[in-house]
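A.B. asks: work_26.csv (CSV, C-alpha atoms and all ligand atoms) pasted underneath:
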chain,number,residue,atom,x,y,z
F,1,MET,CA,8.4,15.7,18.6
F,2,ASP,CA,9.9,12.3,19.1
F,3,ALA,CA,7.2,10.2,20.8
F,4,GLY,CA,8.4,6.7,21.3
F,5,VAL,CA,6.0,3.8,21.2
F,6,GLY,CA,6.1,1.3,24.1
F,7,LEU,CA,7.2,-1.9,22.3
F,8,ARG,CA,8.2,-4.8,24.4
F,9,ALA,CA,10.6,-7.1,22.7
F,10,LYS,CA,10.3,-10.7,23.5
F,11,PRO,CA,14.1,-11.5,24.0
F,12,GLY,CA,14.9,-14.6,22.1
F,13,ALA,CA,11.4,-14.8,20.7
F,14,TRP,CA,12.8,-14.1,17.2
F,15,ALA,CA,15.1,-16.8,16.1
F,16,GLY,CA,17.4,-14.6,13.9
F,17,LEU,CA,14.9,-13.0,11.0
F,18,GLY,CA,31.0,6.6,-5.6
F,19,ASN,CA,33.6,9.3,-5.8
F,20,PRO,CA,35.0,5.9,-7.1
F,21,HIS,CA,32.0,4.0,-5.8
F,22,ARG,CA,29.2,6.3,-6.8
F,23,PRO,CA,26.6,4.5,-8.9
F,24,SER,CA,27.4,5.2,-12.5
F,25,ALA,CA,24.5,6.7,-14.4
F,26,ALA,CA,23.8,3.2,-15.7
F,27,ARG,CA,23.4,1.9,-12.1
F,28,VAL,CA,20.9,4.5,-11.0
F,29,PRO,CA,17.4,3.6,-12.3
F,30,ALA,CA,16.4,5.6,-15.3
F,31,ARG,CA,13.5,7.1,-13.3
F,32,PHE,CA,16.0,8.7,-11.0
F,33,ALA,CA,18.6,9.5,-13.6
F,34,ALA,CA,16.1,11.3,-15.9
F,35,GLU,CA,14.9,13.6,-13.1
F,36,ARG,CA,12.3,16.1,-14.2
F,37,PRO,CA,14.0,19.4,-13.3
F,38,ALA,CA,12.3,20.7,-10.3
F,39,ARG,CA,11.0,24.3,-10.4
F,40,PRO,CA,14.0,26.5,-10.3
F,41,LEU,CA,14.6,27.3,-6.7
F,42,VAL,CA,17.9,28.9,-6.2
F,43,LEU,CA,19.2,28.4,-2.7
F,44,GLY,CA,22.4,29.6,-1.1
F,45,SER,CA,23.5,33.2,-1.4
F,46,ASP,CA,20.3,34.5,-2.8
F,47,CYS,CA,16.9,33.3,-3.7
F,48,ARG,CA,15.5,35.3,-6.6
F,49,SER,CA,12.2,33.5,-6.7
F,50,HIS,CA,11.4,35.1,-3.3
F,51,GLY,CA,13.3,38.3,-3.9
F,52,ALA,CA,15.2,37.7,-0.8
F,53,ARG,CA,18.8,36.8,0.1
F,54,LEU,CA,19.0,33.6,2.0
F,55,LYS,CA,21.3,33.9,5.0
F,56,VAL,CA,21.7,30.2,5.8
F,57,SER,CA,23.6,29.6,9.0
F,58,CYS,CA,24.4,26.6,11.1
F,59,SER,CA,26.2,26.2,14.3
F,60,ARG,CA,28.7,23.7,13.1
F,61,LYS,CA,30.8,21.9,15.6
F,62,PRO,CA,33.7,19.7,14.5
F,63,ALA,CA,31.4,16.8,15.2
F,64,GLY,CA,28.9,17.7,12.6
F,65,ILE,CA,25.9,19.9,13.0
F,66,GLU,CA,24.8,20.5,16.6
F,67,LYS,CA,21.8,22.8,15.9
F,68,VAL,CA,20.4,24.0,12.7
F,69,TYR,CA,19.3,27.6,12.4
F,70,TYR,CA,17.8,28.8,9.2
F,71,SER,CA,17.0,32.2,8.1
F,72,ALA,CA,13.4,33.5,8.0
F,73,ASP,CA,13.6,33.2,4.2
F,74,GLU,CA,14.5,29.6,4.4
F,75,ALA,CA,11.8,28.9,7.0
F,76,LEU,CA,9.4,30.6,4.6
F,77,ILE,CA,10.5,28.4,1.7
F,78,LEU,CA,10.2,25.3,3.9
F,79,LYS,CA,6.8,26.3,5.1
F,80,GLN,CA,5.6,27.1,1.5
F,81,LYS,CA,6.9,23.9,0.0
F,82,ALA,CA,5.4,21.9,2.9
F,83,GLU,CA,2.0,23.6,2.2
F,84,ASP,CA,2.4,22.5,-1.5
F,85,VAL,CA,3.0,18.9,-0.5
F,86,ILE,CA,0.5,18.4,2.4
F,87,PRO,CA,-2.6,18.1,0.2
F,88,TYR,CA,-1.1,15.3,-1.8
F,89,LEU,CA,0.3,13.5,1.2
F,90,ASN,CA,-3.1,12.6,2.6
F,91,ASP,CA,-1.6,12.1,6.1
F,92,ARG,CA,0.6,9.3,4.8
F,93,CYS,CA,3.9,8.7,6.6
F,94,VAL,CA,7.2,9.8,5.2
F,95,TYR,CA,10.1,7.3,5.6
F,96,LEU,CA,13.7,8.5,5.1
F,97,VAL,CA,16.1,5.8,3.9
F,98,GLY,CA,19.8,6.1,3.2
F,99,MET,CA,23.2,5.1,4.3
F,100,MET,CA,24.3,5.7,7.9
F,101,GLY,CA,25.3,9.3,8.4
F,102,SER,CA,23.2,10.5,5.4
F,103,GLY,CA,21.2,12.9,7.6
F,104,LYS,CA,17.9,10.9,8.0
F,105,THR,CA,17.5,11.8,11.7
F,106,THR,CA,18.6,15.5,11.2
F,107,VAL,CA,16.6,16.2,8.1
F,108,GLY,CA,13.7,14.1,9.4
F,109,LYS,CA,13.2,16.4,12.3
F,110,ILE,CA,13.0,19.4,10.0
F,111,LEU,CA,10.5,17.7,7.7
F,112,ALA,CA,8.3,16.7,10.6
F,113,GLU,CA,8.3,20.2,12.0
F,114,VAL,CA,7.2,21.9,8.7
F,115,LEU,CA,4.7,19.2,7.8
F,116,GLY,CA,3.1,19.3,11.2
F,117,TYR,CA,4.0,15.6,11.6
F,118,SER,CA,5.4,13.6,14.5
F,119,PHE,CA,9.0,12.5,14.2
F,120,PHE,CA,10.2,9.0,15.0
F,121,ASP,CA,13.7,7.6,14.8
F,122,SER,CA,13.5,3.9,14.4
F,123,ASP,CA,16.9,3.3,16.1
F,124,LYS,CA,15.7,5.1,19.2
F,125,MET,CA,12.5,3.1,19.2
F,126,VAL,CA,14.4,-0.1,19.1
F,127,GLU,CA,16.6,1.0,22.0
F,128,LYS,CA,13.4,1.8,24.0
F,129,ALA,CA,11.8,-1.5,22.9
F,130,VAL,CA,14.6,-3.6,24.2
F,131,GLY,CA,15.6,-1.4,27.1
F,132,ILE,CA,19.2,-0.9,26.0
F,133,SER,CA,20.5,2.6,25.6
F,134,SER,CA,22.4,2.3,22.3
F,135,VAL,CA,22.3,0.4,19.0
F,136,ALA,CA,26.0,-0.5,19.4
F,137,GLU,CA,25.2,-2.2,22.7
F,138,ILE,CA,22.3,-4.1,21.2
F,139,PHE,CA,24.6,-5.4,18.6
F,140,GLN,CA,27.1,-6.3,21.2
F,141,LEU,CA,24.8,-7.9,23.9
F,142,HIS,CA,22.6,-9.6,21.4
F,143,SER,CA,23.3,-9.6,17.6
F,144,GLU,CA,22.6,-7.7,14.4
F,145,ALA,CA,19.8,-10.2,13.6
F,146,PHE,CA,18.2,-9.4,17.0
F,147,PHE,CA,18.4,-5.7,16.2
F,148,ARG,CA,17.0,-6.3,12.7
F,149,ASP,CA,14.1,-8.3,14.0
F,150,ASN,CA,13.2,-5.5,16.4
F,151,GLU,CA,13.7,-2.9,13.7
F,152,SER,CA,11.1,-4.7,11.6
F,153,GLU,CA,8.8,-4.9,14.5
F,154,VAL,CA,9.1,-1.1,15.0
F,155,LEU,CA,8.5,-0.4,11.3
F,156,ARG,CA,5.5,-2.7,11.3
F,157,ASP,CA,3.9,-0.9,14.2
F,158,LEU,CA,4.7,2.6,12.8
F,159,SER,CA,3.1,1.6,9.5
F,160,SER,CA,-0.3,1.4,11.1
F,161,MET,CA,0.0,5.1,12.1
F,162,HIS,CA,-0.4,8.3,10.1
F,163,ARG,CA,1.2,11.7,9.9
F,164,LEU,CA,4.7,10.5,10.9
F,165,VAL,CA,8.2,11.3,9.5
F,166,VAL,CA,10.3,8.2,10.3
F,167,ALA,CA,14.1,8.3,10.2
F,168,THR,CA,14.9,4.6,9.5
F,169,GLY,CA,18.2,3.0,10.2
F,170,GLY,CA,20.5,2.7,7.3
F,171,GLY,CA,20.0,-1.1,7.0
F,172,ALA,CA,16.2,-1.1,7.1
F,173,VAL,CA,16.2,-1.4,3.3
F,174,ILE,CA,17.8,-4.8,3.3
F,175,ARG,CA,14.7,-6.7,4.4
F,176,PRO,CA,11.8,-6.9,1.9
F,177,ILE,CA,9.3,-7.1,4.8
F,178,ASN,CA,10.4,-3.6,5.9
F,179,TRP,CA,9.6,-2.3,2.4
F,180,SER,CA,6.1,-3.7,2.7
F,181,TYR,CA,5.6,-1.5,5.7
F,182,MET,CA,7.4,1.6,4.4
F,183,LYS,CA,5.6,1.4,1.0
F,184,LYS,CA,2.3,2.3,2.9
F,185,GLY,CA,3.8,5.7,3.0
F,186,LEU,CA,6.3,7.7,0.9
F,187,THR,CA,9.9,6.7,0.9
F,188,ILE,CA,12.7,9.2,0.3
F,189,TRP,CA,16.3,8.2,-0.3
F,190,LEU,CA,18.9,10.7,1.0
F,191,ASP,CA,21.8,10.0,-1.4
F,192,VAL,CA,25.0,11.4,0.0
F,193,PRO,CA,28.5,10.8,-1.5
F,194,LEU,CA,30.6,8.2,0.5
F,195,ASP,CA,33.3,10.7,1.2
F,196,ALA,CA,30.9,13.1,3.0
F,197,LEU,CA,29.4,10.1,4.9
F,198,ALA,CA,32.8,9.0,6.1
F,199,ARG,CA,33.7,12.5,7.2
F,200,ARG,CA,30.5,12.9,9.1
F,201,ILE,CA,30.8,9.6,10.9
F,202,ALA,CA,34.5,10.0,11.6
F,203,ALA,CA,33.7,13.4,13.1
F,204,VAL,CA,31.2,11.9,15.6
F,205,GLY,CA,33.2,8.7,16.1
F,206,THR,CA,32.5,5.2,14.6
F,207,ALA,CA,31.5,3.8,18.0
F,208,SER,CA,28.0,5.0,17.3
F,209,ARG,CA,27.8,2.7,14.2
F,210,PRO,CA,28.7,-0.8,15.2
F,211,LEU,CA,29.0,-2.0,11.6
F,212,LEU,CA,31.7,0.6,11.0
F,213,HIS,CA,33.5,0.4,14.3
F,214,GLN,CA,37.1,-0.6,14.3
F,215,GLU,CA,39.4,-0.5,17.2
F,216,SER,CA,42.4,0.9,15.5
F,217,GLY,CA,43.3,2.8,12.3
F,218,ASP,CA,42.3,6.1,10.8
F,219,PRO,CA,38.5,6.5,11.5
F,220,TYR,CA,37.9,8.2,8.1
F,221,ALA,CA,39.7,5.6,6.1
F,222,LYS,CA,38.1,2.7,8.0
F,223,ALA,CA,34.6,4.2,7.7
F,224,TYR,CA,35.1,5.0,4.0
F,225,ALA,CA,36.2,1.4,3.2
F,226,LYS,CA,33.3,-0.2,5.1
F,227,LEU,CA,30.7,2.3,3.8
F,228,THR,CA,31.9,1.6,0.2
F,229,SER,CA,31.2,-2.2,0.6
F,230,LEU,CA,27.9,-1.6,2.4
F,231,PHE,CA,26.8,0.8,-0.4
F,232,GLU,CA,27.7,-1.6,-3.1
F,233,GLN,CA,25.5,-4.2,-1.4
F,234,ARG,CA,22.6,-1.8,-0.8
F,235,MET,CA,22.5,0.6,-3.7
F,236,ASP,CA,19.8,-1.2,-5.5
F,237,SER,CA,17.7,-1.4,-2.4
F,238,TYR,CA,17.8,2.3,-1.8
F,239,ALA,CA,16.8,2.8,-5.4
F,240,ASN,CA,13.4,1.3,-4.6
F,241,ALA,CA,12.5,4.6,-2.8
F,242,ASP,CA,9.8,6.7,-4.3
F,243,ALA,CA,12.0,9.7,-4.5
F,244,ARG,CA,15.8,10.3,-4.4
F,245,VAL,CA,17.4,13.4,-2.9
F,246,SER,CA,20.9,13.6,-4.4
F,247,LEU,CA,23.2,16.1,-2.5
F,248,GLU,CA,25.3,16.2,-5.7
F,249,HIS,CA,22.3,17.4,-7.7
F,250,ILE,CA,21.5,20.1,-5.0
F,251,ALA,CA,25.1,21.4,-5.1
F,252,VAL,CA,25.0,21.6,-8.9
F,253,LYS,CA,21.7,23.5,-8.7
F,254,GLN,CA,23.3,25.9,-6.2
F,255,GLY,CA,26.2,26.4,-8.7
F,256,HIS,CA,28.9,24.6,-6.9
F,257,ASN,CA,30.2,21.1,-6.3
F,258,ASP,CA,30.7,20.9,-2.6
F,259,VAL,CA,28.1,18.9,-0.8
F,260,THR,CA,29.6,19.5,2.6
F,261,ILE,CA,28.2,23.1,2.6
F,262,LEU,CA,24.7,22.0,2.1
F,263,THR,CA,22.6,22.6,5.2
F,264,PRO,CA,20.0,20.2,6.5
F,265,SER,CA,17.3,22.7,5.8
F,266,ALA,CA,18.4,23.1,2.1
F,267,ILE,CA,18.3,19.3,1.9
F,268,ALA,CA,14.8,19.3,3.5
F,269,ILE,CA,13.6,21.8,0.9
F,270,GLU,CA,14.9,19.5,-1.9
F,271,ALA,CA,13.1,16.6,-0.2
F,272,LEU,CA,9.9,18.5,-0.3
F,273,LEU,CA,10.4,19.4,-4.0
F,274,LYS,CA,11.0,15.7,-4.8
F,275,MET,CA,8.0,14.7,-2.8
F,276,GLU,CA,5.9,17.2,-4.6
F,277,SER,CA,7.1,15.9,-8.0
F,278,PHE,CA,6.5,12.3,-7.1
F,279,LEU,CA,3.0,12.9,-5.6
F,280,THR,CA,1.8,15.2,-8.4
F,281,ASP,CA,3.0,12.8,-11.1
F,282,LYS,CA,1.2,10.0,-9.2
F,283,ALA,CA,-1.9,12.2,-8.9
F,284,MET,CA,-1.8,12.8,-12.7
F,285,VAL,CA,-1.5,9.1,-13.4
F,286,ILE,CA,-4.5,8.3,-11.1
F,287,ASN,CA,-6.8,11.1,-12.4
F,301,LIG,N1,23.7,18.6,6.0
F,301,LIG,C1,24.6,18.2,6.9
F,301,LIG,N2,25.9,18.8,6.8
F,301,LIG,C2,26.8,18.4,7.7
F,301,LIG,N3,26.6,17.4,8.7
F,301,LIG,C3,25.4,16.9,8.8
F,301,LIG,C4,24.3,17.2,7.9
F,301,LIG,N4,23.2,16.4,8.2
F,301,LIG,C5,23.6,15.7,9.2
F,301,LIG,N5,24.9,15.9,9.6
F,301,LIG,C6,25.6,15.3,10.7
F,301,LIG,O1,26.0,14.0,10.2
F,301,LIG,C7,25.8,13.0,11.3
F,301,LIG,C8,24.8,12.0,10.9
F,301,LIG,O2,23.5,12.7,10.9
F,301,LIG,P1,22.2,11.8,11.2
F,301,LIG,O3,21.0,12.7,11.0
F,301,LIG,O4,22.4,11.1,12.5
F,301,LIG,O5,22.2,10.8,10.0
F,301,LIG,P2,21.6,9.3,9.9
F,301,LIG,O6,20.4,9.3,10.8
F,301,LIG,O7,21.2,9.1,8.5
F,301,LIG,O8,22.6,8.3,10.4
F,301,LIG,C9,25.4,13.9,12.5
F,301,LIG,O9,26.6,14.2,13.3
F,301,LIG,C10,24.8,15.1,11.9
F,301,LIG,O10,25.0,16.2,12.8
F,302,LIG,O1,23.4,1.0,8.1
F,302,LIG,C1,23.1,0.2,9.0
F,302,LIG,O2,23.0,-1.0,8.9
F,302,LIG,C2,22.8,0.8,10.4
F,302,LIG,C3,22.5,2.1,10.5
F,302,LIG,C4,22.3,2.8,11.8
F,302,LIG,O3,21.3,3.8,11.7
F,302,LIG,P1,21.7,5.2,11.0
F,302,LIG,O4,21.5,5.1,9.5
F,302,LIG,O5,20.8,6.2,11.6
F,302,LIG,O6,23.1,5.5,11.4
F,302,LIG,C5,21.7,1.7,12.8
F,302,LIG,O7,20.4,1.3,12.4
F,302,LIG,C6,22.7,0.5,12.9
F,302,LIG,O8,23.9,1.0,13.3
F,302,LIG,C7,22.8,-0.1,11.5
F,303,MG,MG,19.8,8.0,12.3
Will you turn the file into structure tokens for me?
C.D. replies:
Amino acid sequence: MDAGVGLRAKPGAWAGLGNPHRPSAARVPARFAAERPARPLVLGSDCRSHGARLKVSCSRKPAGIEKVYYSADEALILKQKAEDVIPYLNDRCVYLVGMMGSGKTTVGKILAEVLGYSFFDSDKMVEKAVGISSVAEIFQLHSEAFFRDNESEVLRDLSSMHRLVVATGGGAVIRPINWSYMKKGLTIWLDVPLDALARRIAAVGTASRPLLHQESGDPYAKAYAKLTSLFEQRMDSYANADARVSLEHIAVKQGHNDVTILTPSAIAIEALLKMESFLTDKAMVIN
């Protein structure tokens, strides 16, 4: 459910507030690099721990995933992992952070469904707040700073609520004030290789991402180049997240090295595993 919150922006009231570029092991904080191996959960062609064969299917259009179907087995795993996580979550919000195109909105909806949470997309909420139908238009008619000010306002208001999954915009991590809001909940970084991001965004068109949009040239190459420089600037910010979901790690666990075949539901399952590890480690520290 994506229930927008009626936020009125006060226009003008805010005066402006891998692959080759993948982080080397040294650049990824030790706490992420030395990940405690999650309980073995084999996804993909079969799932021994449930004695069932996973038949994962997605209706994939050239422009990315239109609708995600997952098999009864995958729904079972999602439900089971959600039940494992819920007691530790204590109704806290879950914020998905990551580069544009990393799947925050897509995976966020799945997580909200299985957690019994409401889903919010902060980009959509900013559009509603300012009464302009796209982020690209907000950038064009106003400015990035205006967008960022409204983004912070939205995150501030959401942080006073509970039981939400929030798909943030890819740039939310660049403002410390936004971390003060998101840290009231649990922050999960969807870490997707730049090549996969560029393919996904080129498939839907760069017009949806004003920071990537270029009038001419190969959409993939242009997106890749811009994503690379943005990731270099932001990598350390994303690493502030409580948990990191690496699509490369999921692929290795599934016994292959192709992140493009990972479904949103398989990524959502990994996110629940990472949430469980983080929350149980935290619980052990507190007890
Ligand atoms: N696991 C996936 N595999 C392939 N395409 C995906 C996957 N997850 C999301 N997508 C596609 O990538 C694009 C960006 O997804 P989205 O959820 O909007 O990301 P974000 O909110 O992080 O920008 C969309 O076209 C979406 O359908
Ligand atoms: O990375 C960024 O700075 C942005 C990411 C976008 O959201 P998505 O991550 O959902 O694409 C949107 O907030 C805006 O285009 C800026
Ligand atoms: Mg999004």
A.B. asks: Would you name the residues within 10 Å of ligand LIG 301 (chain F), counting all atoms listed in the file, and put them as a compact mmCIF listing (two decimals) with C-alpha atoms, keeping the file's coordinate frame?
C.D. replies:
# COMPACT_ATOMS: atom_id res chain seq x y z
CA CYS F 58 24.40 26.60 11.10
CA ARG F 60 28.70 23.70 13.10
CA LYS F 61 30.80 21.90 15.60
CA PRO F 62 33.70 19.70 14.50
CA ALA F 63 31.40 16.80 15.20
CA GLY F 64 28.90 17.70 12.60
CA ILE F 65 25.90 19.90 13.00
CA GLU F 66 24.80 20.50 16.60
CA LYS F 67 21.80 22.80 15.90
CA VAL F 68 20.40 24.00 12.70
CA LEU F 96 13.70 8.50 5.10
CA VAL F 97 16.10 5.80 3.90
CA GLY F 98 19.80 6.10 3.20
CA MET F 99 23.20 5.10 4.30
CA MET F 100 24.30 5.70 7.90
CA GLY F 101 25.30 9.30 8.40
CA SER F 102 23.20 10.50 5.40
CA GLY F 103 21.20 12.90 7.60
CA LYS F 104 17.90 10.90 8.00
CA THR F 105 17.50 11.80 11.70
CA THR F 106 18.60 15.50 11.20
CA VAL F 107 16.60 16.20 8.10
CA GLY F 108 13.70 14.10 9.40
CA LYS F 109 13.20 16.40 12.30
CA ASP F 121 13.70 7.60 14.80
CA SER F 122 13.50 3.90 14.40
CA ASP F 123 16.90 3.30 16.10
CA ALA F 167 14.10 8.30 10.20
CA THR F 168 14.90 4.60 9.50
CA GLY F 169 18.20 3.00 10.20
CA GLY F 170 20.50 2.70 7.30
CA LEU F 190 18.90 10.70 1.00
CA ASP F 191 21.80 10.00 -1.40
CA VAL F 192 25.00 11.40 0.00
CA ALA F 196 30.90 13.10 3.00
CA LEU F 197 29.40 10.10 4.90
CA ALA F 198 32.80 9.00 6.10
CA ARG F 199 33.70 12.50 7.20
CA ARG F 200 30.50 12.90 9.10
CA ILE F 201 30.80 9.60 10.90
CA ALA F 202 34.50 10.00 11.60
CA ALA F 203 33.70 13.40 13.10
CA VAL F 204 31.20 11.90 15.60
CA GLY F 205 33.20 8.70 16.10
CA SER F 208 28.00 5.00 17.30
CA ARG F 209 27.80 2.70 14.20
CA LEU F 247 23.20 16.10 -2.50
CA VAL F 259 28.10 18.90 -0.80
CA THR F 260 29.60 19.50 2.60
CA ILE F 261 28.20 23.10 2.60
CA LEU F 262 24.70 22.00 2.10
CA THR F 263 22.60 22.60 5.20
CA PRO F 264 20.00 20.20 6.50
CA SER F 265 17.30 22.70 5.80
CA ALA F 266 18.40 23.10 2.10
CA ILE F 267 18.30 19.30 1.90
CA ALA F 268 14.80 19.30 3.50
A.B. asks: State, in Å with one decimal place, the distance from atom CA of Ala241 of chain F to atom CA of Phe278 of chain F.
C.D. replies: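 Straight-line distance from atom CA of Ala241 of chain F to atom CA of Phe278 of chain F works out to 10.7 Å.
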A.B. asks: Which segment 105-138 of chain F residues have any atom within 12 Å of an atom of segment 77-92 of chain F, and for each, what is the nearest pair of atoms with distance in Å to one decimal, counting only C-alpha atoms, rows sorted by chain and number, as JSON lines?
C.D. replies:
{"residue": "F:Val107", "atom": "CA", "partner": "F:Leu78", "partner_atom": "CA", "distance": 11.9}
{"residue": "F:Ile110", "atom": "CA", "partner": "F:Leu78", "partner_atom": "CA", "distance": 8.9}
{"residue": "F:Leu111", "atom": "CA", "partner": "F:Ala82", "partner_atom": "CA", "distance": 8.2}
{"residue": "F:Ala112", "atom": "CA", "partner": "F:Ala82", "partner_atom": "CA", "distance": 9.7}
{"residue": "F:Glu113", "atom": "CA", "partner": "F:Lys79", "partner_atom": "CA", "distance": 9.3}
{"residue": "F:Val114", "atom": "CA", "partner": "F:Lys79", "partner_atom": "CA", "distance": 5.7}
{"residue": "F:Leu115", "atom": "CA", "partner": "F:Ala82", "partner_atom": "CA", "distance": 5.6}
{"residue": "F:Gly116", "atom": "CA", "partner": "F:Ala82", "partner_atom": "CA", "distance": 9.0}
{"residue": "F:Tyr117", "atom": "CA", "partner": "F:Asp91", "partner_atom": "CA", "distance": 8.6}
{"residue": "F:Ser118", "atom": "CA", "partner": "F:Asp91", "partner_atom": "CA", "distance": 11.0}
A.B. asks: Nearest to ligand LIG 302 (chain F): which of F:Arg156, F:Arg163, F:Lys226, F:Lys184 is it, counting all atoms listed in the file?
C.D. replies: F:Lys226
A.B. asks: Using only C-alpha atoms, which residue out of F:Val154, F:Val135, F:Val126, F:Val165 lies closest to Pro210 of chain F?
C.D. replies: F:Val135
A.B. asks: So which one's closest to ligand MG 303 (chain F), F:Val94, F:Ala75, F:Ala145, F:Val166? Using only C-alpha atoms and all ligand atoms, please.
C.D. replies: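 Nearest to ligand MG 303 (chain F): F:Val166.
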A.B. asks: My list of candidates is F:Ala136, F:Ile269, F:Ala225, F:Leu155. Which is closest to ligand LIG 302 (chain F) when distances are computed with all atoms listed in the file?
C.D. replies: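 Smallest distance to ligand LIG 302 (chain F) is found for F:Ala136.
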A.B. asks: Can you tell me how far atom CA of Asp149 of chain F sits from atom CA of Leu194 of chain F, in Å to one decimal?
C.D. replies: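 That distance, rounded to one decimal, is 27.0 Å.
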A.B. asks: Work out how far atom CA of Leu141 of chain F is from atom MG of ligand MG 303 (chain F), in Å to one decimal.
C.D. replies: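 Pair atom MG of ligand MG 303 (chain F) / atom CA of Leu141 of chain F returns 20.3 Å.
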A.B. asks: For ligand LIG 302 (chain F), which of F:Ala251, F:Ile138, F:Ala221, F:Met161 is the closest residue, counting all atoms listed in the file?
C.D. replies: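 When distances to ligand LIG 302 (chain F) are compared using all atoms listed in the file, the smallest one comes from F:Ile138.
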A.B. asks: Within 7 Å of (3.8, 7.1, 4.0), in the coordinates the file gives, what residues turn up when you count only C-alpha atoms, written out as a VMD selection string?
C.D. replies: chain F and resid 92 to 95 182 to 187
A.B. asks: Using C-alpha atoms, can you write the selected residues to a file as a PDB file, keeping the file's coordinate frame?
C.D. replies:
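Result saved to again_18.pdb:
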ATOM      1  CA  ARG F  92       0.600   9.300   4.800  1.00  0.00           C
ATOM      2  CA  CYS F  93       3.900   8.700   6.600  1.00  0.00           C
ATOM      3  CA  VAL F  94       7.200   9.800   5.200  1.00  0.00           C
ATOM      4  CA  TYR F  95      10.100   7.300   5.600  1.00  0.00           C
ATOM      5  CA  MET F 182       7.400   1.600   4.400  1.00  0.00           C
ATOM      6  CA  LYS F 183       5.600   1.400   1.000  1.00  0.00           C
ATOM      7  CA  LYS F 184       2.300   2.300   2.900  1.00  0.00           C
ATOM      8  CA  GLY F 185       3.800   5.700   3.000  1.00  0.00           C
ATOM      9  CA  LEU F 186       6.300   7.700   0.900  1.00  0.00           C
ATOM     10  CA  THR F 187       9.900   6.700   0.900  1.00  0.00           C
TER      11      THR F 187
END
A.B. asks: Ranking F:Asp242, F:Leu211, F:Glu74, F:Arg148 by minimum distance to Leu227 of chain F and counting all atoms listed in the file, which one comes first?
C.D. replies: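 When distances to Leu227 of chain F are compared using all atoms listed in the file, the smallest one comes from F:Leu211.
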A.B. asks: Atoms are missing here; could segment 77-88 of chain F be completed with N, CA, C and O atoms and written as a short mmCIF file (atom, residue, chain, number, x, y, z; two decimals), in the coordinates of the input?
C.D. replies:
data_model
loop_
_atom_site.label_atom_id
_atom_site.label_comp_id
_atom_site.auth_asym_id
_atom_site.auth_seq_id
_atom_site.Cartn_x
_atom_site.Cartn_y
_atom_site.Cartn_z
N ILE F 77 10.46 29.34 2.82
CA ILE F 77 10.50 28.40 1.70
C ILE F 77 10.05 27.00 2.19
O ILE F 77 9.22 26.32 1.58
N LEU F 78 10.60 26.60 3.33
CA LEU F 78 10.20 25.30 3.90
C LEU F 78 8.73 25.23 4.13
O LEU F 78 8.05 24.27 3.75
N LYS F 79 8.20 26.29 4.73
CA LYS F 79 6.80 26.30 5.10
C LYS F 79 5.93 26.25 3.78
O LYS F 79 4.98 25.48 3.62
N GLN F 80 6.38 27.05 2.79
CA GLN F 80 5.60 27.10 1.50
C GLN F 80 5.63 25.78 0.81
O GLN F 80 4.59 25.30 0.35
N LYS F 81 6.83 25.14 0.74
CA LYS F 81 6.90 23.90 0.00
C LYS F 81 6.11 22.81 0.79
O LYS F 81 5.49 21.93 0.20
N ALA F 82 6.14 22.88 2.13
CA ALA F 82 5.40 21.90 2.90
C ALA F 82 3.87 22.07 2.60
O ALA F 82 3.15 21.09 2.40
N GLU F 83 3.44 23.32 2.49
CA GLU F 83 2.00 23.60 2.20
C GLU F 83 1.66 23.02 0.80
O GLU F 83 0.56 22.54 0.56
N ASP F 84 2.63 23.05 -0.13
CA ASP F 84 2.40 22.50 -1.50
C ASP F 84 2.23 20.99 -1.44
O ASP F 84 1.50 20.40 -2.22
N VAL F 85 2.95 20.37 -0.51
CA VAL F 85 3.00 18.90 -0.50
C VAL F 85 1.86 18.30 0.32
O VAL F 85 1.29 17.26 -0.06
N ILE F 86 1.49 18.96 1.41
CA ILE F 86 0.50 18.40 2.40
C ILE F 86 -0.77 17.89 1.70
O ILE F 86 -1.22 16.77 1.96
N PRO F 87 -1.38 18.65 0.78
CA PRO F 87 -2.60 18.10 0.20
C PRO F 87 -2.48 16.82 -0.53
O PRO F 87 -3.38 15.99 -0.56
N TYR F 88 -1.29 16.58 -1.08
CA TYR F 88 -1.10 15.30 -1.80
C TYR F 88 -0.70 14.17 -0.89
O TYR F 88 -0.84 13.01 -1.22
#
